[in-house]
Every structure is written in structure tokens, then in C-alpha cells.
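Participant: Coordinates in model.json, JSON, C-alpha atoms, are listed below.
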```
[["chain", "number", "residue", "atom", "x", "y", "z"],
["A", 1, "MET", "CA", -2.19, 20.06, -17.10],
["A", 2, "THR", "CA", -3.22, 21.17, -20.53],
["A", 3, "GLY", "CA", -2.53, 20.13, -24.08],
["A", 4, "ILE", "CA", -2.42, 16.39, -23.53],
["A", 5, "GLU", "CA", -4.96, 14.72, -25.73],
["A", 6, "ILE", "CA", -5.78, 11.37, -24.19],
["A", 7, "ASP", "CA", -9.24, 10.04, -23.67],
["A", 8, "LEU", "CA", -9.40, 8.94, -20.02],
["A", 9, "ASP", "CA", -12.61, 7.05, -20.80],
["A", 10, "ILE", "CA", -10.59, 4.23, -22.38],
["A", 11, "TYR", "CA", -10.20, 3.00, -18.80],
["A", 12, "PRO", "CA", -13.46, 3.41, -16.91],
["A", 13, "ASP", "CA", -11.95, 2.81, -13.48],
["A", 14, "GLU", "CA", -8.69, 2.21, -11.65],
["A", 15, "ALA", "CA", -8.94, -1.59, -11.98],
["A", 16, "ALA", "CA", -9.17, -1.29, -15.77],
["A", 17, "LEU", "CA", -6.30, 1.21, -15.83],
["A", 18, "LEU", "CA", -4.20, -1.10, -13.69],
["A", 19, "ALA", "CA", -4.95, -4.05, -15.95],
["A", 20, "GLY", "CA", -3.84, -1.92, -18.92],
["A", 21, "LEU", "CA", -0.65, -0.93, -17.11],
["A", 22, "LYS", "CA", 0.14, -4.56, -16.30],
["A", 23, "ARG", "CA", -0.41, -5.49, -19.95],
["A", 24, "GLY", "CA", 2.07, -2.76, -20.86],
["A", 25, "ASP", "CA", -0.43, -0.68, -22.86],
["A", 26, "PRO", "CA", 1.20, 2.65, -23.68],
["A", 27, "GLU", "CA", -2.26, 4.26, -23.53],
["A", 28, "ALA", "CA", -2.55, 3.13, -19.90],
["A", 29, "CYS", "CA", 0.80, 4.67, -19.05],
["A", 30, "ALA", "CA", -0.23, 7.92, -20.75],
["A", 31, "CYS", "CA", -3.52, 7.92, -18.83],
["A", 32, "MET", "CA", -1.72, 7.30, -15.54],
["A", 33, "ILE", "CA", 0.59, 10.23, -16.24],
["A", 34, "LYS", "CA", -2.24, 12.53, -17.25],
["A", 35, "GLN", "CA", -4.16, 11.66, -14.12],
["A", 36, "TYR", "CA", -1.39, 11.67, -11.52],
["A", 37, "ALA", "CA", 1.60, 13.66, -12.82],
["A", 38, "PRO", "CA", 0.37, 17.10, -11.65],
["A", 39, "ARG", "CA", 0.12, 15.99, -8.02],
["A", 40, "VAL", "CA", 3.36, 14.03, -8.19],
["A", 41, "TYR", "CA", 5.09, 17.15, -9.53],
["A", 42, "ALA", "CA", 3.56, 19.23, -6.72],
["A", 43, "ILE", "CA", 4.90, 16.80, -4.09],
["A", 44, "ALA", "CA", 8.31, 16.81, -5.77],
["A", 45, "ILE", "CA", 8.55, 20.61, -5.84],
["A", 46, "ARG", "CA", 7.53, 20.94, -2.20],
["A", 47, "MET", "CA", 9.94, 18.24, -1.08],
["A", 48, "VAL", "CA", 13.07, 19.19, -3.04],
["A", 49, "ASN", "CA", 12.39, 22.92, -3.39],
["A", 50, "ASP", "CA", 13.92, 23.07, -6.86],
["A", 51, "ARG", "CA", 12.08, 22.93, -10.20],
["A", 52, "ASP", "CA", 14.79, 21.10, -12.14],
["A", 53, "GLU", "CA", 15.24, 18.47, -9.46],
["A", 54, "ALA", "CA", 11.47, 18.18, -9.09],
["A", 55, "GLU", "CA", 11.25, 17.37, -12.79],
["A", 56, "GLU", "CA", 13.86, 14.65, -12.33],
["A", 57, "VAL", "CA", 11.83, 13.25, -9.42],
["A", 58, "LEU", "CA", 8.71, 13.33, -11.60],
["A", 59, "GLN", "CA", 10.40, 11.40, -14.41],
["A", 60, "GLU", "CA", 12.02, 8.91, -12.02],
["A", 61, "THR", "CA", 8.64, 8.29, -10.37],
["A", 62, "PHE", "CA", 6.84, 7.31, -13.57],
["A", 63, "ILE", "CA", 9.79, 5.35, -14.99],
["A", 64, "SER", "CA", 9.95, 3.40, -11.73],
["A", 65, "ALA", "CA", 6.16, 2.96, -11.59],
["A", 66, "CYS", "CA", 5.97, 1.51, -15.11],
["A", 67, "LYS", "CA", 8.95, -0.74, -14.45],
["A", 68, "ASN", "CA", 7.55, -2.04, -11.17],
["A", 69, "ILE", "CA", 3.83, -2.07, -11.91],
["A", 70, "ASN", "CA", 3.67, -5.85, -11.61],
["A", 71, "LYS", "CA", 4.90, -5.55, -8.03],
["A", 72, "PHE", "CA", 1.98, -3.27, -7.20],
["A", 73, "GLU", "CA", -0.48, -5.49, -5.33],
["A", 74, "GLY", "CA", -3.31, -3.01, -5.11],
["A", 75, "ARG", "CA", -3.37, -2.88, -1.31],
["A", 76, "SER", "CA", -3.43, 0.91, -1.59],
["A", 77, "ALA", "CA", -4.82, 3.17, -4.29],
["A", 78, "LEU", "CA", -2.60, 3.68, -7.35],
["A", 79, "GLY", "CA", -2.24, 7.37, -6.47],
["A", 80, "THR", "CA", -1.05, 6.52, -2.94],
["A", 81, "TRP", "CA", 1.52, 4.12, -4.37],
["A", 82, "LEU", "CA", 2.78, 6.75, -6.83],
["A", 83, "HIS", "CA", 3.01, 9.36, -4.07],
["A", 84, "ARG", "CA", 5.11, 6.98, -2.01],
["A", 85, "ILE", "CA", 7.48, 6.38, -4.96],
["A", 86, "ALA", "CA", 7.71, 10.13, -5.53],
["A", 87, "THR", "CA", 8.37, 10.78, -1.85],
["A", 88, "ASN", "CA", 11.18, 8.21, -1.79],
["A", 89, "ALA", "CA", 12.67, 9.62, -5.01],
["A", 90, "ALA", "CA", 12.55, 13.13, -3.55],
["A", 91, "LEU", "CA", 14.21, 11.96, -0.33],
["A", 92, "MET", "CA", 16.98, 10.33, -2.39],
["A", 93, "HIS", "CA", 17.62, 13.70, -4.02],
["A", 94, "LEU", "CA", 17.70, 15.46, -0.66],
["A", 95, "ARG", "CA", 20.13, 12.89, 0.74],
["A", 96, "LYS", "CA", 22.42, 13.33, -2.26],
["A", 97, "ARG", "CA", 22.72, 17.02, -1.55],
["A", 98, "LYS", "CA", 22.92, 16.79, 2.22],
["A", 99, "ASN", "CA", 26.55, 17.91, 2.12],
["A", 100, "ARG", "CA", 25.24, 21.30, 1.08],
["A", 101, "GLU", "CA", 22.47, 21.44, 3.68],
["A", 102, "VAL", "CA", 21.65, 20.21, 7.17],
["A", 103, "SER", "CA", 21.39, 16.44, 7.40],
["A", 104, "LEU", "CA", 17.90, 14.94, 7.35],
["A", 105, "ASP", "CA", 18.85, 13.11, 10.50],
["A", 106, "ALA", "CA", 20.23, 16.13, 12.32],
["A", 107, "PRO", "CA", 18.63, 16.66, 15.72],
["A", 108, "VAL", "CA", 16.24, 19.57, 16.04],
["A", 109, "GLU", "CA", 16.21, 21.39, 19.32],
["A", 110, "MET", "CA", 12.86, 21.73, 21.03],
["A", 111, "HIS", "CA", 13.74, 24.99, 22.67],
["A", 112, "GLY", "CA", 16.21, 27.74, 21.98],
["A", 113, "GLY", "CA", 17.13, 29.33, 18.70],
["A", 114, "ASP", "CA", 14.23, 31.33, 17.36],
["A", 115, "ASP", "CA", 11.20, 32.35, 19.32],
["A", 116, "VAL", "CA", 8.27, 30.86, 17.47],
["A", 117, "TYR", "CA", 5.70, 32.18, 19.93],
["A", 118, "ARG", "CA", 6.52, 35.85, 19.71],
["A", 119, "GLU", "CA", 3.72, 36.80, 17.30],
["A", 120, "VAL", "CA", 0.54, 36.91, 19.36],
["A", 121, "GLN", "CA", -1.71, 39.17, 17.30],
["A", 122, "ASP", "CA", -4.91, 37.58, 16.08],
["A", 123, "TRP", "CA", -5.56, 37.22, 12.37],
["A", 124, "ALA", "CA", -8.15, 39.06, 10.34],
["A", 125, "PHE", "CA", -9.17, 35.80, 8.76],
["A", 126, "SER", "CA", -12.01, 33.39, 9.22],
["A", 127, "PRO", "CA", -12.03, 29.92, 7.66],
["A", 128, "ASP", "CA", -15.78, 30.31, 7.06],
["A", 129, "ASP", "CA", -15.40, 33.14, 4.60],
["A", 130, "HIS", "CA", -11.99, 32.38, 3.19],
["A", 131, "ALA", "CA", -11.59, 30.77, -0.21],
["A", 132, "MET", "CA", -8.09, 29.78, -1.26],
["A", 133, "ASN", "CA", -7.08, 32.25, -3.96],
["A", 134, "SER", "CA", -3.86, 32.19, -5.93],
["A", 135, "GLU", "CA", -2.28, 34.93, -3.81],
["A", 136, "THR", "CA", -2.90, 33.01, -0.58],
["A", 137, "ARG", "CA", -1.74, 29.80, -2.18],
["A", 138, "ASP", "CA", 1.51, 31.35, -3.44],
["A", 139, "MET", "CA", 2.18, 32.92, -0.05],
["A", 140, "LEU", "CA", 1.55, 29.61, 1.68],
["A", 141, "GLU", "CA", 3.74, 27.60, -0.72],
["A", 142, "LYS", "CA", 6.52, 30.16, -0.26],
["A", 143, "ALA", "CA", 6.27, 29.96, 3.53],
["A", 144, "ILE", "CA", 6.43, 26.15, 3.39],
["A", 145, "SER", "CA", 9.39, 26.27, 1.00],
["A", 146, "GLU", "CA", 11.25, 28.49, 3.46],
["A", 147, "LEU", "CA", 11.01, 25.98, 6.31],
["A", 148, "PRO", "CA", 14.35, 24.28, 7.01],
["A", 149, "GLU", "CA", 14.56, 20.93, 5.23],
["A", 150, "THR", "CA", 14.35, 18.85, 8.41],
["A", 151, "LEU", "CA", 11.08, 20.53, 9.33],
["A", 152, "ARG", "CA", 9.71, 20.86, 5.79],
["A", 153, "THR", "CA", 9.88, 17.16, 4.93],
["A", 154, "VAL", "CA", 8.03, 16.14, 8.10],
["A", 155, "PHE", "CA", 5.47, 18.89, 7.63],
["A", 156, "ILE", "CA", 4.73, 18.03, 3.99],
["A", 157, "LEU", "CA", 4.36, 14.31, 4.64],
["A", 158, "ARG", "CA", 2.17, 14.83, 7.70],
["A", 159, "GLU", "CA", 0.05, 17.84, 6.79],
["A", 160, "ILE", "CA", -0.18, 17.77, 3.00],
["A", 161, "GLU", "CA", 0.35, 14.14, 2.08],
["A", 162, "GLY", "CA", -1.72, 13.07, 5.08],
["A", 163, "TYR", "CA", 0.58, 10.38, 6.46],
["A", 164, "SER", "CA", 0.29, 9.65, 10.18],
["A", 165, "THR", "CA", 3.12, 10.74, 12.46],
["A", 166, "GLU", "CA", 4.24, 7.09, 12.69],
["A", 167, "GLU", "CA", 4.23, 6.66, 8.89],
["A", 168, "THR", "CA", 6.09, 9.96, 8.48],
["A", 169, "ALA", "CA", 8.75, 8.84, 10.94],
["A", 170, "ASN", "CA", 9.05, 5.52, 9.14],
["A", 171, "ILE", "CA", 9.41, 7.11, 5.69],
["A", 172, "LEU", "CA", 12.09, 9.49, 6.95],
["A", 173, "GLY", "CA", 13.86, 6.86, 9.05],
["A", 174, "ILE", "CA", 13.58, 8.90, 12.24],
["A", 175, "SER", "CA", 11.97, 8.17, 15.61],
["A", 176, "VAL", "CA", 8.33, 9.04, 16.23],
["A", 177, "SER", "CA", 9.37, 11.48, 18.95],
["A", 178, "ALA", "CA", 11.77, 13.24, 16.54],
["A", 179, "ALA", "CA", 8.95, 13.47, 13.97],
["A", 180, "LYS", "CA", 6.66, 14.98, 16.61],
["A", 181, "VAL", "CA", 9.24, 17.56, 17.64],
["A", 182, "ARG", "CA", 9.87, 18.56, 14.04],
["A", 183, "LEU", "CA", 6.17, 18.76, 13.28],
["A", 184, "HIS", "CA", 5.63, 20.91, 16.35],
["A", 185, "ARG", "CA", 8.33, 23.35, 15.30],
["A", 186, "ALA", "CA", 7.28, 23.36, 11.66],
["A", 187, "ARG", "CA", 3.68, 24.23, 12.51],
["A", 188, "LEU", "CA", 4.72, 27.05, 14.83],
["A", 189, "ARG", "CA", 7.26, 28.46, 12.38],
["A", 190, "LEU", "CA", 4.73, 28.43, 9.60],
["A", 191, "ARG", "CA", 2.20, 30.19, 11.80],
["A", 192, "GLN", "CA", 4.87, 32.76, 12.56],
["A", 193, "SER", "CA", 5.62, 33.25, 8.84],
["A", 194, "LEU", "CA", 1.97, 33.69, 7.92],
["A", 195, "SER", "CA", 1.14, 36.08, 10.75],
["A", 196, "PRO", "CA", 2.30, 39.31, 9.03],
["A", 197, "TYR", "CA", 0.13, 38.44, 6.04],
["A", 198, "PHE", "CA", -3.06, 37.97, 8.06],
["A", 199, "THR", "CA", -2.51, 40.47, 10.85],
["A", 200, "GLN", "CA", -4.40, 43.67, 10.30],
["A", 201, "PRO", "CA", -2.26, 46.80, 10.52],
["A", 202, "ALA", "CA", -2.92, 48.76, 13.72],
["B", 1, "MET", "CA", 16.86, 27.37, 53.39],
["B", 2, "SER", "CA", 13.58, 28.88, 52.23],
["B", 3, "ALA", "CA", 12.30, 28.44, 48.68],
["B", 4, "THR", "CA", 12.94, 31.32, 46.30],
["B", 5, "PRO", "CA", 9.70, 33.22, 45.65],
["B", 6, "VAL", "CA", 8.48, 33.02, 42.05],
["B", 7, "HIS", "CA", 7.35, 36.29, 40.53],
["B", 8, "PRO", "CA", 3.75, 36.05, 39.20],
["B", 9, "HIS", "CA", 4.92, 37.05, 35.70],
["B", 10, "GLN", "CA", 7.50, 34.29, 35.74],
["B", 11, "ARG", "CA", 4.86, 31.79, 36.81],
["B", 12, "GLN", "CA", 2.60, 32.93, 33.97],
["B", 13, "GLU", "CA", 5.44, 32.53, 31.44],
["B", 14, "ASP", "CA", 6.19, 29.06, 32.77],
["B", 15, "ASP", "CA", 2.52, 28.13, 32.40],
["B", 16, "CYS", "CA", 2.46, 29.47, 28.84],
["B", 17, "SER", "CA", 5.63, 27.65, 27.90],
["B", 18, "ARG", "CA", 4.32, 24.40, 29.38],
["B", 19, "VAL", "CA", 0.96, 24.73, 27.64],
["B", 20, "LEU", "CA", 2.49, 25.57, 24.28],
["B", 21, "THR", "CA", 4.71, 22.52, 24.46],
["B", 22, "HIS", "CA", 1.55, 20.40, 24.53],
["B", 23, "LEU", "CA", -0.39, 22.39, 21.92],
["B", 24, "ASN", "CA", 0.39, 20.10, 19.00],
["B", 25, "ASP", "CA", -0.59, 16.96, 20.89],
["B", 26, "TYR", "CA", -3.80, 18.75, 21.84],
["B", 27, "ILE", "CA", -4.52, 19.63, 18.19],
["B", 28, "ASP", "CA", -3.80, 16.02, 17.20],
["B", 29, "HIS", "CA", -6.10, 14.70, 19.99],
["B", 30, "GLN", "CA", -3.17, 12.89, 21.56],
["B", 31, "LEU", "CA", -3.17, 14.58, 24.94],
["B", 32, "SER", "CA", -4.29, 12.87, 28.16],
["B", 33, "PRO", "CA", -7.63, 14.08, 29.58],
["B", 34, "GLU", "CA", -5.82, 15.59, 32.59],
["B", 35, "LEU", "CA", -3.46, 17.65, 30.43],
["B", 36, "CYS", "CA", -6.36, 18.61, 28.13],
["B", 37, "GLU", "CA", -8.19, 20.02, 31.11],
["B", 38, "GLU", "CA", -5.12, 21.93, 32.28],
["B", 39, "LEU", "CA", -4.47, 23.31, 28.80],
["B", 40, "GLU", "CA", -8.09, 24.35, 28.26],
["B", 41, "ALA", "CA", -8.15, 26.09, 31.64],
["B", 42, "HIS", "CA", -5.03, 28.01, 30.69],
["B", 43, "LEU", "CA", -6.38, 28.96, 27.24],
["B", 44, "ALA", "CA", -9.55, 30.26, 28.87],
["B", 45, "GLN", "CA", -7.60, 32.81, 30.88],
["B", 46, "CYS", "CA", -4.54, 33.58, 28.70],
["B", 47, "ASP", "CA", -5.21, 35.76, 25.65],
["B", 48, "ASN", "CA", -1.75, 35.29, 24.15],
["B", 49, "CYS", "CA", -1.88, 31.50, 24.25],
["B", 50, "ARG", "CA", -5.42, 31.53, 22.90],
["B", 51, "VAL", "CA", -4.26, 33.63, 19.94],
["B", 52, "VAL", "CA", -1.39, 31.24, 19.29],
["B", 53, "PHE", "CA", -3.81, 28.31, 19.44],
["B", 54, "ASP", "CA", -6.38, 29.98, 17.15],
["B", 55, "THR", "CA", -3.84, 31.12, 14.58],
["B", 56, "LEU", "CA", -2.15, 27.72, 14.62],
["B", 57, "ASN", "CA", -5.50, 26.13, 13.80],
["B", 58, "LYS", "CA", -6.02, 28.66, 11.01],
["B", 59, "THR", "CA", -2.54, 27.86, 9.67],
["B", 60, "LEU", "CA", -3.38, 24.17, 9.50],
["B", 61, "TYR", "CA", -6.77, 24.89, 7.96],
["B", 62, "LEU", "CA", -5.04, 26.76, 5.13],
["B", 63, "VAL", "CA", -2.41, 24.06, 4.64],
["B", 64, "HIS", "CA", -5.08, 21.38, 4.44],
["B", 65, "GLN", "CA", -6.78, 23.46, 1.74],
["B", 66, "LEU", "CA", -3.67, 22.91, -0.38],
["B", 67, "ARG", "CA", -4.55, 19.20, -0.49],
["B", 68, "GLU", "CA", -7.78, 20.04, -2.27],
["B", 69, "THR", "CA", -6.31, 22.59, -4.65],
["B", 70, "PRO", "CA", -5.75, 21.19, -8.16],
["B", 71, "SER", "CA", -2.10, 20.99, -9.11],
["B", 72, "GLU", "CA", -0.75, 22.08, -12.46],
["B", 73, "LEU", "CA", 2.01, 20.61, -14.56],
["B", 74, "PRO", "CA", 3.77, 23.08, -16.86],
["B", 75, "GLU", "CA", 3.35, 22.04, -20.49],
["B", 76, "THR", "CA", 7.07, 21.85, -21.15],
["B", 77, "VAL", "CA", 7.53, 19.60, -18.11],
["B", 78, "ALA", "CA", 4.65, 17.40, -19.28],
["B", 79, "TYR", "CA", 6.06, 17.23, -22.79],
["B", 80, "ARG", "CA", 9.51, 16.18, -21.58],
["B", 81, "LEU", "CA", 7.93, 13.55, -19.32],
["B", 82, "PHE", "CA", 6.01, 12.05, -22.25],
["B", 83, "ALA", "CA", 9.20, 12.15, -24.31],
["B", 84, "VAL", "CA", 11.29, 10.38, -21.69],
["B", 85, "MET", "CA", 8.58, 7.72, -21.38],
["B", 86, "ASN", "CA", 8.47, 7.25, -25.17],
["B", 87, "LEU", "CA", 4.87, 8.38, -25.23],
["B", 88, "GLN", "CA", 5.19, 11.35, -27.56],
["B", 89, "GLN", "CA", 2.37, 10.04, -29.73],
["B", 90, "PHE", "CA", -0.04, 10.94, -26.92],
["B", 91, "TYR", "CA", 1.25, 14.48, -26.82],
["B", 92, "PRO", "CA", 0.69, 15.70, -30.36],
["B", 93, "LYS", "CA", 1.09, 19.42, -29.81],
["B", 94, "LYS", "CA", 4.48, 20.82, -30.72],
["B", 95, "LYS", "CA", 6.29, 21.97, -27.64],
["B", 96, "ARG", "CA", 9.82, 23.06, -27.06]]
```
Can I see the file as C-alpha cells?
Facilitator:
Amino acid sequence: MTGIEIDLDIYPDEAALLAGLKRGDPEACACMIKQYAPRVYAIAIRMVNDRDEAEEVLQETFISACKNINKFEGRSALGTWLHRIATNAALMHLRKRKNREVSLDAPVEMHGGDDVYREVQDWAFSPDDHAMNSETRDMLEKAISELPETLRTVFILREIEGYSTEETANILGISVSAAKVRLHRARLRLRQSLSPYFTQPA
Amino acid sequence: MSATPVHPHQRQEDDCSRVLTHLNDYIDHQLSPELCEELEAHLAQCDNCRVVFDTLNKTLYLVHQLRETPSELPETVAYRLFAVMNLQQFYPKKKR
């Protein structure tokens, strides 16, 4: 995020920032946005897969956070709390458009449909000598964005946001076993999508 | 009635299918020791399943890298956010 001229040193730590937010200091709100908006926007884009809607989620998140800051008890980090608000806002958007897509609660078959195991060539890639460059990142984001919504939401919450399987199931309002099945399929599908990129031509 | 003989290839496919069903629990350290042992024994002798396992781990390694990668907010998006929050004074540059 560039071009925003706010001195983050006004608030030396999260406790001071939180105190400023609870006092209603506009500087505190601006600092919170500067610090957390990029990641909130990233979550929103991954979840809703649409830049305009992601911007709405971003705005809704910070409006809601400022409005409800006095309800924030500090049991989690401020960033974690904001991510949860953003996740819920994104899920609201997805539910609103579920007439156009598969329902979030639709069952996902464990077997059948596509064959997610068919690519069995090893990758010319080693984590030890691989740095994430913009090309890899774009390819990865694209592959995630192409996962079906039911799989994508579980995958993002579990693998990128770092929620446990139980927390993921709870956020999405699905059973733990359904979350596991979706995670399983999402991981395998993503592996399948990335394989052509990392497989060396014969 | 005698049991129908199972072709060795069919047995191998069944083993692979069974192992792959448990792969995610194995990666998440949620598999019982008995099933871990069975899965590891299969991976040791099945090249295809080992490739699936290795590339699945590499997939997750890459995805977890995304967590560490700094995110960017487009300036126009940032500007509109500051505007909607009535915080324009903290965003002095002129943006569309």
C-alpha cells in the first residue's frame, strides 16, 4: 500500500492503537487501515473472487470494526479479529449470490467426477531453492481462484488463514467431516492444476 | 461358491485408492499409527503414490508461502476506503 502518509509511530504497540480506536481517534482508525487493509483485501479477493465485491467487503470490514471496536475484548490479536470480520463479510456476499453458483452447503462427493490423481509426474521444483516470485504467486492465486467455491472457501480458511479444520467448519456452518472432505479435494485439485507448471517437459 | 480372483493390477489400484483417501489425514498428522504404518509401507513401494504425496506437500508448501507474502492494496481502492471512512485528511495525495 503506497501513498498513505500516516506515521504509525503515533501508536507504539497494539494496546496503544486499540486505546486510540476505543477513544474514537481518527488517527487510530487510519493507522489500523494502513496496517491491516492490504491483508483484509487479499482475503476478500480470494474469498469472493471479484475485485468490486472484494472492495465492498474491505469497506464493510473496517466500517464494522470501527463501529464495534468497543465489543472487541482483546482475546485475540486485532488482526485476527479483523480477518474474522472480513471472512464473515465475504461469506455474506457469497451467500447472496448463491443462486448463481453452487450452494455453500451443497454436498461434495468424495469420489467420482474428476480424477484428481491422474497426474503422477514429479515436479522439477525443490522447496529449498524456490523463492516465491511474482510469476509463481500469480499462477498460484489463479489456480486457487479456479477452485469451485465450496472447495475454495474451505481451502483459504484452512491453508491460508490458518484456521483449524474445526474452526473452518464452524465458520462455514458445515460439519467437520464435510470440511475434511472439501479440504481433501481442494488440495488434490490444486496439486493437479499446478502440475503442468512444475512438470518438466519430456 | 468360490471367491472371484482379484487381478494383481486391480489389487494395486485398490491399495492406491485406499492410501490416497488417507493422505490428507496423514499430512495433518491425524492418522492412527496403524494406518500410518500401512500408508508408509505403500508409499515405499508405489512410485505413483509417492509422487502424489511429494507434489501434494510441495503444493501446500507454496500455498503457505502466500501467507508470508506481503499483500498490496491498489491506491484507488485505498483512497476510496479512506473516503468512505471519512478519513481523507490522512490520504493527502490526489487520486481518482
Participant: Taking all atoms listed in the file into account, what are the residues of chain B at most 8 Å from chain A, put as a PyMOL selection string?
Facilitator: chain B and resi 24+48-49+51-52+54-56+58-67+70-75+77-78+81-82+84-85+87+90-93
Participant: I need the residue nearest Leu172 in chain A from this list: A:Arg75, A:Ser145, A:Asn70, A:Arg158. Use all atoms listed in the file for the distance.
Facilitator: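 Of the candidates, the smallest distance to Leu172 in chain A is held by A:Arg158.
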Participant: I need the residue nearest Gln35 in chain A from this list: A:Leu17, A:Met47, A:Leu151, A:Ile171. Use all atoms listed in the file for the distance.
Facilitator: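 Of A:Leu17, A:Met47, A:Leu151, A:Ile171, the one nearest Gln35 in chain A is A:Leu17, counting all atoms listed in the file.
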Participant: Please compute the CA of His29 in chain B-CA of Pro148 in chain A distance, one decimal, in Å.
Facilitator: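 Taking CA of His29 in chain B as the start and CA of Pro148 in chain A as the end point, the length is 26.0 Å.
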Participant: Just give me the gap between CA of Asp25 in chain A and CA of Ala90 in chain A in Å, one decimal is fine.
Facilitator: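 Calculated distance between CA of Asp25 in chain A and CA of Ala90 in chain A is 27.1 Å.
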Participant: I want to know what sits within 9 Å of Leu35 in chain B, based on all atoms listed in the file, with residues of the same chain fewer than 3 positions away left out; could you give that as a ChimeraX atom specification?
Facilitator: /B:19,22,26,31-32,38-40
Participant: Could you jot down the CA of Gly173 in chain A to CA of Leu91 in chain A separation for me, Å, one decimal place?
Facilitator: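 Value for the CA of Gly173 in chain A-CA of Leu91 in chain A distance: 10.7 Å.
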